[in-house]
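S.K.: Next comes the structure file protein19.pdb, holding PDB, C-alpha atoms.
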```
ATOM      1  CA  MET A   1       0.000   0.000   0.000
ATOM      2  CA  THR A   2       1.324   3.419  -0.971
ATOM      3  CA  GLU A   3       0.599   6.316   1.361
ATOM      4  CA  THR A   4       2.065   9.504   2.732
ATOM      5  CA  GLU A   5       2.368   8.313   6.305
ATOM      6  CA  THR A   6       3.242   5.046   7.960
ATOM      7  CA  GLU A   7       0.142   2.967   8.572
ATOM      8  CA  THR A   8       0.103   0.141  11.109
ATOM      9  CA  GLY A   9      -2.568  -1.655  13.043
ATOM     10  CA  THR A  10      -5.619  -3.526  11.915
ATOM     11  CA  GLU A  11      -9.235  -2.780  11.119
ATOM     12  CA  THR A  12     -11.749  -4.368  13.447
ATOM     13  CA  SER A  13     -14.436  -6.525  11.876
ATOM     14  CA  ARG A  14     -17.717  -4.881  11.013
ATOM     15  CA  PRO A  15     -20.787  -5.711  13.128
ATOM     16  CA  GLU A  16     -22.827  -8.556  11.665
ATOM     17  CA  ALA A  17     -26.043  -6.587  11.655
ATOM     18  CA  ARG A  18     -26.234  -4.090   8.834
ATOM     19  CA  ARG A  19     -26.428  -0.573  10.196
ATOM     20  CA  ARG A  20     -28.199   2.277   8.562
ATOM     21  CA  ARG A  21     -25.993   4.874   6.951
ATOM     22  CA  VAL A  22     -26.307   8.003   8.970
ATOM     23  CA  LEU A  23     -26.580  11.574   7.920
ATOM     24  CA  PRO A  24     -24.820  14.740   8.981
ATOM     25  CA  LYS A  25     -27.915  15.787  10.884
ATOM     26  CA  ILE A  26     -25.830  17.175  13.709
ATOM     27  CA  LEU A  27     -24.315  19.778  11.514
ATOM     28  CA  ILE A  28     -27.691  20.680  10.096
ATOM     29  CA  ALA A  29     -29.147  21.035  13.561
ATOM     30  CA  VAL A  30     -26.335  23.104  15.051
ATOM     31  CA  ALA A  31     -25.903  25.329  12.001
ATOM     32  CA  VAL A  32     -29.586  26.130  11.737
ATOM     33  CA  ILE A  33     -30.032  26.720  15.477
ATOM     34  CA  ILE A  34     -27.045  29.061  15.562
ATOM     35  CA  VAL A  35     -28.091  31.140  12.558
ATOM     36  CA  ALA A  36     -31.761  31.055  13.468
ATOM     37  CA  ALA A  37     -31.562  33.376  16.458
ATOM     38  CA  LEU A  38     -29.507  35.908  14.531
ATOM     39  CA  ALA A  39     -31.745  35.842  11.483
ATOM     40  CA  ALA A  40     -34.966  36.102  13.456
ATOM     41  CA  GLY A  41     -33.787  38.928  15.678
ATOM     42  CA  VAL A  42     -35.721  40.228  18.639
ATOM     43  CA  ILE A  43     -39.112  39.044  17.366
ATOM     44  CA  TYR A  44     -38.344  35.377  17.798
ATOM     45  CA  ALA A  45     -35.626  35.538  20.466
ATOM     46  CA  PHE A  46     -37.818  34.532  23.398
ATOM     47  CA  GLN A  47     -39.594  31.735  21.526
ATOM     48  CA  ILE A  48     -36.359  30.276  20.185
ATOM     49  CA  ASP A  49     -34.733  30.395  23.606
ATOM     50  CA  ARG A  50     -37.721  28.635  25.148
ATOM     51  CA  SER A  51     -37.760  25.989  22.412
ATOM     52  CA  LEU A  52     -34.095  25.200  22.966
ATOM     53  CA  THR A  53     -34.395  25.117  26.745
ATOM     54  CA  LYS A  54     -37.364  22.765  26.671
ATOM     55  CA  ASN A  55     -36.221  20.392  23.948
ATOM     56  CA  LEU A  56     -32.420  20.083  23.877
ATOM     57  CA  THR A  57     -30.853  16.946  25.357
ATOM     58  CA  ARG A  58     -27.425  17.134  26.991
ATOM     59  CA  SER A  59     -24.884  14.475  27.895
ATOM     60  CA  ASP A  60     -21.324  14.167  29.200
ATOM     61  CA  SER A  61     -19.692  13.772  25.784
ATOM     62  CA  LEU A  62     -16.457  15.808  25.792
ATOM     63  CA  PRO A  63     -13.092  14.227  26.714
ATOM     64  CA  ASP A  64     -11.577  14.941  30.115
ATOM     65  CA  ASP A  65      -8.866  17.591  30.086
ATOM     66  CA  THR A  66      -6.506  15.138  31.780
ATOM     67  CA  PRO A  67      -7.394  11.725  30.346
ATOM     68  CA  THR A  68      -6.515   8.597  32.268
ATOM     69  CA  ALA A  69      -6.892   6.089  29.413
ATOM     70  CA  SER A  70      -3.676   4.558  28.130
ATOM     71  CA  GLY A  71      -2.356   6.185  24.983
ATOM     72  CA  GLN A  72      -4.307   9.420  25.373
ATOM     73  CA  SER A  73      -2.547  12.750  25.806
ATOM     74  CA  PRO A  74      -3.888  15.899  27.490
ATOM     75  CA  ARG A  75      -6.263  17.823  25.272
ATOM     76  CA  PRO A  76      -4.850  20.700  23.209
ATOM     77  CA  THR A  77      -5.378  24.248  24.409
ATOM     78  CA  LYS A  78      -6.521  27.220  22.365
ATOM     79  CA  ASP A  79      -3.784  29.106  20.542
ATOM     80  CA  PRO A  80      -3.739  32.785  21.633
ATOM     81  CA  ARG A  81      -4.025  33.764  17.957
ATOM     82  CA  ALA A  82      -7.347  31.939  17.707
ATOM     83  CA  GLN A  83      -9.184  33.153  20.809
ATOM     84  CA  GLY A  84     -12.826  33.570  19.852
ATOM     85  CA  THR A  85     -12.885  30.756  17.302
ATOM     86  CA  LEU A  86     -15.231  27.840  17.904
ATOM     87  CA  ASN A  87     -15.034  24.200  16.801
ATOM     88  CA  TYR A  88     -18.162  22.054  16.857
ATOM     89  CA  VAL A  89     -17.771  18.313  16.268
ATOM     90  CA  LEU A  90     -20.829  16.959  14.495
ATOM     91  CA  LEU A  91     -21.508  13.231  14.546
ATOM     92  CA  GLY A  92     -24.191  11.264  12.765
ATOM     93  CA  ALA A  93     -24.166   8.138  14.908
ATOM     94  CA  ASP A  94     -26.136   4.951  14.281
ATOM     95  CA  GLN A  95     -26.700   3.013  17.470
ATOM     96  CA  ASN A  96     -28.289  -0.430  17.717
ATOM     97  CA  PRO A  97     -30.396  -1.182  20.828
ATOM     98  CA  ASP A  98     -28.259  -4.254  21.653
ATOM     99  CA  GLU A  99     -24.898  -2.469  21.349
ATOM    100  CA  SER A 100     -23.275   0.326  23.351
ATOM    101  CA  ALA A 101     -22.333   2.330  20.280
ATOM    102  CA  GLY A 102     -22.375   2.014  16.521
ATOM    103  CA  ARG A 103     -19.929   3.593  14.124
ATOM    104  CA  SER A 104     -20.213   7.256  13.267
ATOM    105  CA  ASP A 105     -20.406   7.395   9.482
ATOM    106  CA  SER A 106     -20.877  11.174   9.300
ATOM    107  CA  ILE A 107     -18.065  13.117  10.955
ATOM    108  CA  MET A 108     -17.679  16.869  10.562
ATOM    109  CA  ILE A 109     -16.186  19.910  12.226
ATOM    110  CA  VAL A 110     -17.878  23.298  11.970
ATOM    111  CA  HIS A 111     -15.249  25.985  12.534
ATOM    112  CA  LEU A 112     -16.360  29.561  13.259
ATOM    113  CA  ASN A 113     -13.674  32.214  12.836
ATOM    114  CA  ALA A 114     -12.997  34.771  15.570
ATOM    115  CA  LYS A 115     -14.860  37.534  13.714
ATOM    116  CA  ARG A 116     -17.861  35.178  13.417
ATOM    117  CA  ASP A 117     -18.386  36.199   9.798
ATOM    118  CA  LYS A 118     -17.277  32.880   8.261
ATOM    119  CA  ALA A 119     -18.107  29.237   8.934
ATOM    120  CA  TYR A 120     -16.166  26.278   7.576
ATOM    121  CA  ILE A 121     -17.809  22.856   7.400
ATOM    122  CA  ILE A 122     -15.083  20.203   7.196
ATOM    123  CA  SER A 123     -16.124  16.610   6.550
ATOM    124  CA  PHE A 124     -13.923  13.641   7.408
ATOM    125  CA  PRO A 125     -14.480  10.548   5.209
ATOM    126  CA  ARG A 126     -15.502   7.611   7.376
ATOM    127  CA  ASP A 127     -12.699   5.404   5.993
ATOM    128  CA  MET A 128      -9.841   7.826   6.784
ATOM    129  CA  TYR A 129      -7.086   5.713   8.347
ATOM    130  CA  VAL A 130      -5.932   7.580  11.435
ATOM    131  CA  GLN A 131      -4.460   7.191  14.898
ATOM    132  CA  ILE A 132      -7.187   6.546  17.482
ATOM    133  CA  PRO A 133      -5.828   7.359  20.956
ATOM    134  CA  GLY A 134      -5.370   4.181  22.941
ATOM    135  CA  TYR A 135      -6.344   1.875  20.053
ATOM    136  CA  GLY A 136      -3.720   2.320  17.334
ATOM    137  CA  ARG A 137      -4.540   3.016  13.700
ATOM    138  CA  ASN A 138      -7.994   2.347  12.345
ATOM    139  CA  LYS A 139     -10.751   3.896  10.278
ATOM    140  CA  ILE A 140     -11.857   7.162  11.827
ATOM    141  CA  ASN A 141     -15.449   6.032  12.235
ATOM    142  CA  ALA A 142     -14.274   3.244  14.558
ATOM    143  CA  ALA A 143     -13.464   5.820  17.250
ATOM    144  CA  PHE A 144     -17.130   6.242  18.105
ATOM    145  CA  ALA A 145     -17.603   2.473  18.328
ATOM    146  CA  PHE A 146     -14.603   2.120  20.644
ATOM    147  CA  GLY A 147     -15.304   5.036  22.980
ATOM    148  CA  GLY A 148     -18.392   7.013  21.968
ATOM    149  CA  PRO A 149     -18.326  10.756  21.305
ATOM    150  CA  LYS A 150     -15.500  11.371  23.794
ATOM    151  CA  LEU A 151     -13.071   9.214  21.824
ATOM    152  CA  ALA A 152     -14.352  10.570  18.499
ATOM    153  CA  VAL A 153     -13.555  14.092  19.697
ATOM    154  CA  ALA A 154     -10.158  13.022  21.048
ATOM    155  CA  THR A 155      -9.353  11.434  17.676
ATOM    156  CA  LEU A 156     -10.163  14.644  15.812
ATOM    157  CA  GLU A 157      -8.103  16.678  18.286
ATOM    158  CA  ASN A 158      -5.194  14.291  17.786
ATOM    159  CA  LEU A 159      -5.560  14.525  13.994
ATOM    160  CA  THR A 160      -5.837  18.320  13.752
ATOM    161  CA  GLY A 161      -3.935  19.412  16.850
ATOM    162  CA  ASP A 162      -6.745  21.851  17.637
ATOM    163  CA  ARG A 163      -9.153  21.855  20.574
ATOM    164  CA  MET A 164     -12.791  20.986  19.942
ATOM    165  CA  ASP A 165     -15.177  23.189  21.920
ATOM    166  CA  HIS A 166     -18.413  21.230  21.653
ATOM    167  CA  VAL A 167     -19.891  18.057  20.222
ATOM    168  CA  ALA A 168     -23.398  17.214  19.044
ATOM    169  CA  LEU A 169     -25.324  14.176  17.840
ATOM    170  CA  VAL A 170     -28.720  13.839  16.183
ATOM    171  CA  ASP A 171     -30.920  10.775  15.814
ATOM    172  CA  PHE A 172     -32.117   9.202  12.583
ATOM    173  CA  ASP A 173     -35.603  10.699  12.473
ATOM    174  CA  GLY A 174     -34.298  14.224  13.014
ATOM    175  CA  PHE A 175     -33.017  14.547   9.492
ATOM    176  CA  ILE A 176     -36.271  13.391   7.902
ATOM    177  CA  GLU A 177     -38.381  15.754   9.992
ATOM    178  CA  LEU A 178     -36.019  18.626   9.251
ATOM    179  CA  THR A 179     -36.358  18.402   5.465
ATOM    180  CA  ASP A 180     -40.098  17.770   5.722
ATOM    181  CA  ASP A 181     -40.569  20.854   7.891
ATOM    182  CA  LEU A 182     -38.822  22.934   5.231
ATOM    183  CA  GLY A 183     -40.934  21.505   2.432
ATOM    184  CA  GLY A 184     -37.832  20.066   0.777
ATOM    185  CA  VAL A 185     -34.473  21.534  -0.236
ATOM    186  CA  THR A 186     -32.954  22.068  -3.673
ATOM    187  CA  VAL A 187     -29.437  20.935  -4.582
ATOM    188  CA  TYR A 188     -27.449  20.471  -7.758
ATOM    189  CA  ASN A 189     -26.915  16.775  -8.471
ATOM    190  CA  LYS A 190     -23.895  16.293 -10.733
ATOM    191  CA  THR A 191     -24.281  12.527 -11.250
ATOM    192  CA  ALA A 192     -27.608  10.956 -12.225
ATOM    193  CA  PHE A 193     -28.532   7.769 -10.353
ATOM    194  CA  SER A 194     -31.448   5.730  -9.017
ATOM    195  CA  SER A 195     -31.661   4.123  -5.590
ATOM    196  CA  ARG A 196     -34.353   2.400  -3.523
ATOM    197  CA  GLY A 197     -37.164   3.426  -5.815
ATOM    198  CA  TYR A 198     -36.081   7.058  -6.243
ATOM    199  CA  THR A 199     -34.541   8.596  -9.363
ATOM    200  CA  PHE A 200     -32.146  11.534  -9.100
ATOM    201  CA  PRO A 201     -31.468  13.137 -12.495
ATOM    202  CA  LYS A 202     -28.492  15.359 -13.183
ATOM    203  CA  GLY A 203     -29.148  19.029 -12.429
ATOM    204  CA  ASP A 204     -31.193  20.859  -9.792
ATOM    205  CA  ILE A 205     -33.380  18.511  -7.747
ATOM    206  CA  THR A 206     -35.686  19.100  -4.777
ATOM    207  CA  ILE A 207     -35.618  16.391  -2.112
ATOM    208  CA  LYS A 208     -37.149  15.814   1.301
ATOM    209  CA  GLY A 209     -37.848  13.168   3.908
ATOM    210  CA  GLU A 210     -37.014   9.574   2.998
ATOM    211  CA  GLN A 211     -36.023  10.682  -0.494
ATOM    212  CA  ALA A 212     -33.401  13.047   0.951
ATOM    213  CA  LEU A 213     -32.148  10.277   3.214
ATOM    214  CA  VAL A 214     -31.674   7.911   0.264
ATOM    215  CA  TYR A 215     -29.877  10.652  -1.660
ATOM    216  CA  VAL A 216     -27.234  11.348   0.978
ATOM    217  CA  ARG A 217     -26.716   7.648   1.726
ATOM    218  CA  GLU A 218     -25.904   6.538  -1.804
ATOM    219  CA  ARG A 219     -22.272   5.911  -2.648
ATOM    220  CA  LYS A 220     -21.992   2.720  -4.717
ATOM    221  CA  GLN A 221     -23.458   4.289  -7.857
ATOM    222  CA  LEU A 222     -21.279   7.410  -7.643
ATOM    223  CA  PRO A 223     -17.951   7.621  -9.527
ATOM    224  CA  ARG A 224     -15.891   8.497  -6.432
ATOM    225  CA  GLY A 225     -17.900   6.506  -3.901
ATOM    226  CA  ASP A 226     -17.645   7.930  -0.385
ATOM    227  CA  PHE A 227     -16.024  11.137  -1.624
ATOM    228  CA  ASP A 228     -19.017  11.957  -3.847
ATOM    229  CA  ARG A 229     -21.416  10.956  -1.082
ATOM    230  CA  ALA A 230     -19.679  13.324   1.341
ATOM    231  CA  GLU A 231     -19.942  16.105  -1.243
ATOM    232  CA  ASN A 232     -23.671  15.429  -1.646
ATOM    233  CA  GLN A 233     -24.059  15.549   2.141
ATOM    234  CA  ARG A 234     -22.288  18.897   2.355
ATOM    235  CA  ASN A 235     -24.452  20.327  -0.432
ATOM    236  CA  VAL A 236     -27.647  19.189   1.277
ATOM    237  CA  ILE A 237     -26.495  20.744   4.543
ATOM    238  CA  LYS A 238     -25.804  24.073   2.884
ATOM    239  CA  ALA A 239     -29.173  23.958   1.119
ATOM    240  CA  ILE A 240     -30.931  23.397   4.457
ATOM    241  CA  VAL A 241     -29.136  26.329   6.069
ATOM    242  CA  GLN A 242     -29.940  28.561   3.090
ATOM    243  CA  LYS A 243     -33.621  27.662   3.158
ATOM    244  CA  GLY A 244     -33.746  28.001   6.945
ATOM    245  CA  LEU A 245     -32.534  31.602   6.469
ATOM    246  CA  SER A 246     -34.882  32.365   3.585
ATOM    247  CA  PRO A 247     -37.413  35.190   4.012
ATOM    248  CA  LYS A 248     -40.252  32.762   3.302
ATOM    249  CA  VAL A 249     -39.365  30.611   6.321
ATOM    250  CA  ILE A 250     -38.312  33.369   8.710
ATOM    251  CA  SER A 251     -41.401  35.455   7.977
ATOM    252  CA  ASN A 252     -43.703  32.589   8.963
ATOM    253  CA  PRO A 253     -43.505  32.321  12.776
ATOM    254  CA  VAL A 254     -45.353  29.009  12.956
ATOM    255  CA  THR A 255     -43.200  27.286  10.331
ATOM    256  CA  PHE A 256     -39.992  28.762  11.676
ATOM    257  CA  LEU A 257     -40.568  27.882  15.323
ATOM    258  CA  ASN A 258     -41.894  24.418  14.504
ATOM    259  CA  PHE A 259     -38.736  23.851  12.529
ATOM    260  CA  ILE A 260     -36.450  24.988  15.364
ATOM    261  CA  THR A 261     -38.397  22.958  17.915
ATOM    262  CA  GLY A 262     -38.251  19.857  15.746
ATOM    263  CA  VAL A 263     -34.491  20.191  15.374
ATOM    264  CA  ALA A 264     -33.940  20.624  19.110
ATOM    265  CA  LYS A 265     -35.994  17.530  19.949
ATOM    266  CA  HIS A 266     -33.602  15.335  17.994
ATOM    267  CA  LEU A 267     -30.394  17.021  19.102
ATOM    268  CA  THR A 268     -28.027  15.886  21.857
ATOM    269  CA  VAL A 269     -25.202  18.258  22.785
ATOM    270  CA  ASP A 270     -22.429  18.139  25.353
ATOM    271  CA  SER A 271     -23.371  19.211  28.860
ATOM    272  CA  GLN A 272     -21.004  22.198  28.707
ATOM    273  CA  LEU A 273     -22.976  23.833  25.881
ATOM    274  CA  GLY A 274     -25.488  25.887  27.839
ATOM    275  CA  ASP A 275     -28.489  27.802  26.546
ATOM    276  CA  GLY A 276     -26.756  31.089  27.314
ATOM    277  CA  GLU A 277     -23.723  30.186  25.202
ATOM    278  CA  ILE A 278     -25.913  29.142  22.279
ATOM    279  CA  ARG A 279     -27.768  32.450  22.521
ATOM    280  CA  ASP A 280     -24.572  34.514  22.828
ATOM    281  CA  THR A 281     -22.948  32.719  19.904
ATOM    282  CA  ALA A 282     -25.994  33.227  17.729
ATOM    283  CA  LEU A 283     -26.097  36.933  18.497
ATOM    284  CA  SER A 284     -22.386  37.258  17.711
ATOM    285  CA  LEU A 285     -22.686  35.815  14.213
ATOM    286  CA  ARG A 286     -22.402  37.904  11.066
ATOM    287  CA  LEU A 287     -22.962  34.994   8.714
ATOM    288  CA  SER A 288     -24.773  34.777   5.427
ATOM    289  CA  PRO A 289     -25.173  31.567   3.367
ATOM    290  CA  SER A 290     -22.434  32.743   1.005
ATOM    291  CA  ASN A 291     -19.992  32.811   3.944
ATOM    292  CA  ILE A 292     -20.375  29.087   4.648
ATOM    293  CA  GLN A 293     -17.438  27.220   3.105
ATOM    294  CA  LEU A 294     -17.684  23.463   2.465
ATOM    295  CA  LEU A 295     -14.438  21.474   2.724
ATOM    296  CA  GLN A 296     -13.206  17.900   2.871
ATOM    297  CA  ALA A 297     -10.326  16.817   5.073
ATOM    298  CA  PRO A 298      -7.360  16.082   2.783
ATOM    299  CA  VAL A 299      -6.632  12.580   1.521
ATOM    300  CA  THR A 300      -4.268  11.369  -1.190
ATOM    301  CA  GLY A 301      -6.525   8.557  -2.385
ATOM    302  CA  THR A 302      -7.589   5.080  -1.363
ATOM    303  CA  GLY A 303      -5.738   1.922  -0.382
ATOM    304  CA  THR A 304      -6.158  -1.281   1.570
ATOM    305  CA  GLN A 305      -5.183  -2.397   5.063
ATOM    306  CA  ASP A 306      -5.714  -6.013   6.130
ATOM    307  CA  GLY A 307      -8.153  -6.437   3.266
ATOM    308  CA  GLN A 308     -10.178  -3.360   4.174
ATOM    309  CA  SER A 309     -10.574  -0.324   1.942
ATOM    310  CA  ILE A 310      -9.190   2.842   3.523
ATOM    311  CA  ASP A 311      -8.746   6.519   2.648
ATOM    312  CA  ILE A 312      -5.145   7.635   3.008
ATOM    313  CA  VAL A 313      -4.535  10.861   4.924
ATOM    314  CA  ASP A 314      -2.567  13.558   3.118
ATOM    315  CA  ALA A 315      -0.221  14.198   6.046
ATOM    316  CA  VAL A 316       1.272  17.404   4.644
ATOM    317  CA  ARG A 317      -2.033  19.096   3.903
ATOM    318  CA  MET A 318      -3.602  17.798   7.112
ATOM    319  CA  LYS A 319      -0.856  19.545   9.041
ATOM    320  CA  GLU A 320      -1.595  22.743   7.100
ATOM    321  CA  LEU A 321      -5.313  22.393   7.813
ATOM    322  CA  GLY A 322      -4.690  21.907  11.529
ATOM    323  CA  ASN A 323      -2.345  24.901  11.659
ATOM    324  CA  ALA A 324      -4.926  27.044   9.847
ATOM    325  CA  MET A 325      -7.624  26.055  12.330
ATOM    326  CA  ARG A 326      -5.392  26.691  15.345
ATOM    327  CA  THR A 327      -4.294  30.152  14.162
ATOM    328  CA  ASP A 328      -7.586  31.394  12.680
ATOM    329  CA  GLN A 329      -6.175  31.300   9.135
ATOM    330  CA  LEU A 330      -8.646  29.032   7.368
ATOM    331  CA  GLU A 331      -9.432  31.715   4.814
ATOM    332  CA  ALA A 332      -5.832  31.546   3.566
ATOM    333  CA  TYR A 333      -5.977  27.748   3.553
ATOM    334  CA  VAL A 334      -9.129  27.786   1.429
ATOM    335  CA  LYS A 335      -7.520  30.136  -1.090
ATOM    336  CA  LYS A 336      -4.671  27.659  -1.437
ATOM    337  CA  TYR A 337      -6.898  24.547  -1.423
ATOM    338  CA  PRO A 338     -10.437  25.529  -2.528
ATOM    339  CA  ALA A 339     -11.726  21.961  -2.203
ATOM    340  CA  GLY A 340     -10.193  21.490   1.235
TER     341      GLY A 340
END
```
As structure tokens, how would this structure be written, given the file I've shared?

M.R.:
Amino acid sequence: MTETETETGTETSRPEARRRRVLPKILIAVAVIIVAALAAGVIYAFQIDRSLTKNLTRSDSLPDDTPTASGQSPRPTKDPRAQGTLNYVLLGADQNPDESAGRSDSIMIVHLNAKRDKAYIISFPRDMYVQIPGYGRNKINAAFAFGGPKLAVATLENLTGDRMDHVALVDFDGFIELTDDLGGVTVYNKTAFSSRGYTFPKGDITIKGEQALVYVRERKQLPRGDFDRAENQRNVIKAIVQKGLSPKVISNPVTFLNFITGVAKHLTVDSQLGDGEIRDTALSLRLSPSNIQLLQAPVTGTGTQDGQSIDIVDAVRMKELGNAMRTDQLEAYVKKYPAG
């Protein structure tokens, strides 16, 4: 196997039961909740705050600052040059009732710059072969199976060298209800395909509910497999944020608040993310949909490890990405690498 960094270790066997492919609903939920309060202004502030307070679920899901597990290092601290930036880890996690944790097949970081006028959505392909603290090298989505959201966050911190501020998860039904509440979202589909009874022609398509779920799950019929699927997921996310900010939605109090409430009901965030911080962050934002940049964590291509297909980390560019996040210089990174 050819790769840019030494790869050792083995891939654990997949669970026998087939798990549903999960969506980046976390990102959708957090992004929309954050921009919602800003977009709605004073009119909706009280209602939104009440909806979040009543419906959000919280759990102890961030790593300890001084971990005790073997192989884990203390968490990184914020670089003085990046005070005011925020990193949200977003996990779409499929969990079977008979198992403690499934694999997280949707893994993203939302990075807000210090000025709060730009957001960067960085997706990490599920098959990226990385170092998982305490477990050796494995596919990145195995971190959630081994140690839940805490280990998933620790793995991303180890990979980027930057501190993650918060983590969020959303259940399966949340995504479907979100697109239904919006009456569907429109995206540009660059590769025509059919899957599970739905046909997706090339060009602009409007999708919602189960149809949207099928669209973001499909990978086998796409030329670049998981890479194209991740791109479709990012495009759907951006479309949801754009429609959530549209005058038609914001100007309808019933639709808008039902949408926010529905999102919150399916959202689980870390216990350190309080209602006050969500409100303060929302009011600090100066975002518009055009200021949301979609990126993919850098890989050099695919390979195999112990018979398993893996995505090979581009070690040089990953170091650049981590440095850009730590020093609030992602804008310069994007100019150099527009696709991430």

S.K.: Just the number, please: distance in Å from atom CA of Val214 of chain A to atom CA of Leu169 of chain A, one decimal.

M.R.: 19.7 Å

S.K.: Which residues of segment 140-230 of chain A come within 12 Å of segment 300-303 of chain A, and what is each one's closest atom pair and distance in Å (one decimal), counting only C-alpha atoms, sorted by chain and residue number, as a Markdown table?

M.R.:
```
| residue | atom | partner | partner_atom | distance |
| --- | --- | --- | --- | --- |
| A:Arg224 | CA | A:Gly301 | CA | 10.2 |
| A:Gly225 | CA | A:Thr302 | CA | 10.7 |
| A:Asp226 | CA | A:Thr302 | CA | 10.5 |
| A:Phe227 | CA | A:Gly301 | CA | 9.9 |
```

S.K.: Would you save the residues from that selection as a PDB file, keeping the file's coordinate frame, using C-alpha atoms?

M.R.:
```
ATOM      1  CA  ARG A 224     -15.891   8.497  -6.432  1.00  0.00           C
ATOM      2  CA  GLY A 225     -17.900   6.506  -3.901  1.00  0.00           C
ATOM      3  CA  ASP A 226     -17.645   7.930  -0.385  1.00  0.00           C
ATOM      4  CA  PHE A 227     -16.024  11.137  -1.624  1.00  0.00           C
TER       5      PHE A 227
END
```

S.K.: Looking at all atoms listed in the file, which of A:Arg234, A:Arg103, A:Arg286, A:Lys190 is the one that sits closest to Ala145 of chain A?

M.R.: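 The answer is A:Arg103, which sits nearest to Ala145 of chain A.
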
S.K.: Enumerate, in order of chain and increasing residue number, the residues of segment 47-153 of chain A with an atom no farther than 12 Å from segment 255-272 of chain A, each with its shortest atom pair and distance in Å to one decimal, counting all atoms listed in the file, as a Markdown table.

M.R.:
```
| residue | atom | partner | partner_atom | distance |
| --- | --- | --- | --- | --- |
| A:Gln47 | CA | A:Leu257 | CA | 7.4 |
| A:Ile48 | CA | A:Leu257 | CA | 6.9 |
| A:Asp49 | CA | A:Ile260 | CA | 10.0 |
| A:Arg50 | CA | A:Thr261 | CA | 9.2 |
| A:Ser51 | CA | A:Thr261 | CA | 5.5 |
| A:Leu52 | CA | A:Ala264 | CA | 6.0 |
| A:Thr53 | CA | A:Ala264 | CA | 8.9 |
| A:Lys54 | CA | A:Ala264 | CA | 8.6 |
| A:Asn55 | CA | A:Lys265 | CA | 4.9 |
| A:Leu56 | CA | A:Ala264 | CA | 5.0 |
| A:Thr57 | CA | A:Thr268 | CA | 4.6 |
| A:Arg58 | CA | A:Val269 | CA | 4.9 |
| A:Ser59 | CA | A:Ser271 | CA | 5.1 |
| A:Asp60 | CA | A:Ser271 | CA | 5.5 |
| A:Ser61 | CA | A:Asp270 | CA | 5.2 |
| A:Leu62 | CA | A:Asp270 | CA | 6.4 |
| A:Pro63 | CA | A:Asp270 | CA | 10.2 |
| A:Asp64 | CA | A:Gln272 | CA | 12.0 |
| A:Tyr88 | CA | A:Val269 | CA | 10.0 |
| A:Val89 | CA | A:Val269 | CA | 9.9 |
| A:Leu90 | CA | A:Val269 | CA | 9.5 |
| A:Leu91 | CA | A:Thr268 | CA | 10.1 |
| A:Gly92 | CA | A:Leu267 | CA | 10.6 |
| A:Ala93 | CA | A:Thr268 | CA | 11.1 |
| A:Pro149 | CA | A:Asp270 | CA | 9.4 |
| A:Lys150 | CA | A:Asp270 | CA | 9.8 |
| A:Val153 | CA | A:Asp270 | CA | 11.3 |
```

S.K.: What separation in Å, quoted to one decimal, exists between atom CA of Asn232 of chain A and atom CA of Leu285 of chain A?

M.R.: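 Computed distance, atom CA of Asn232 of chain A to atom CA of Leu285 of chain A, equals 25.8 Å.
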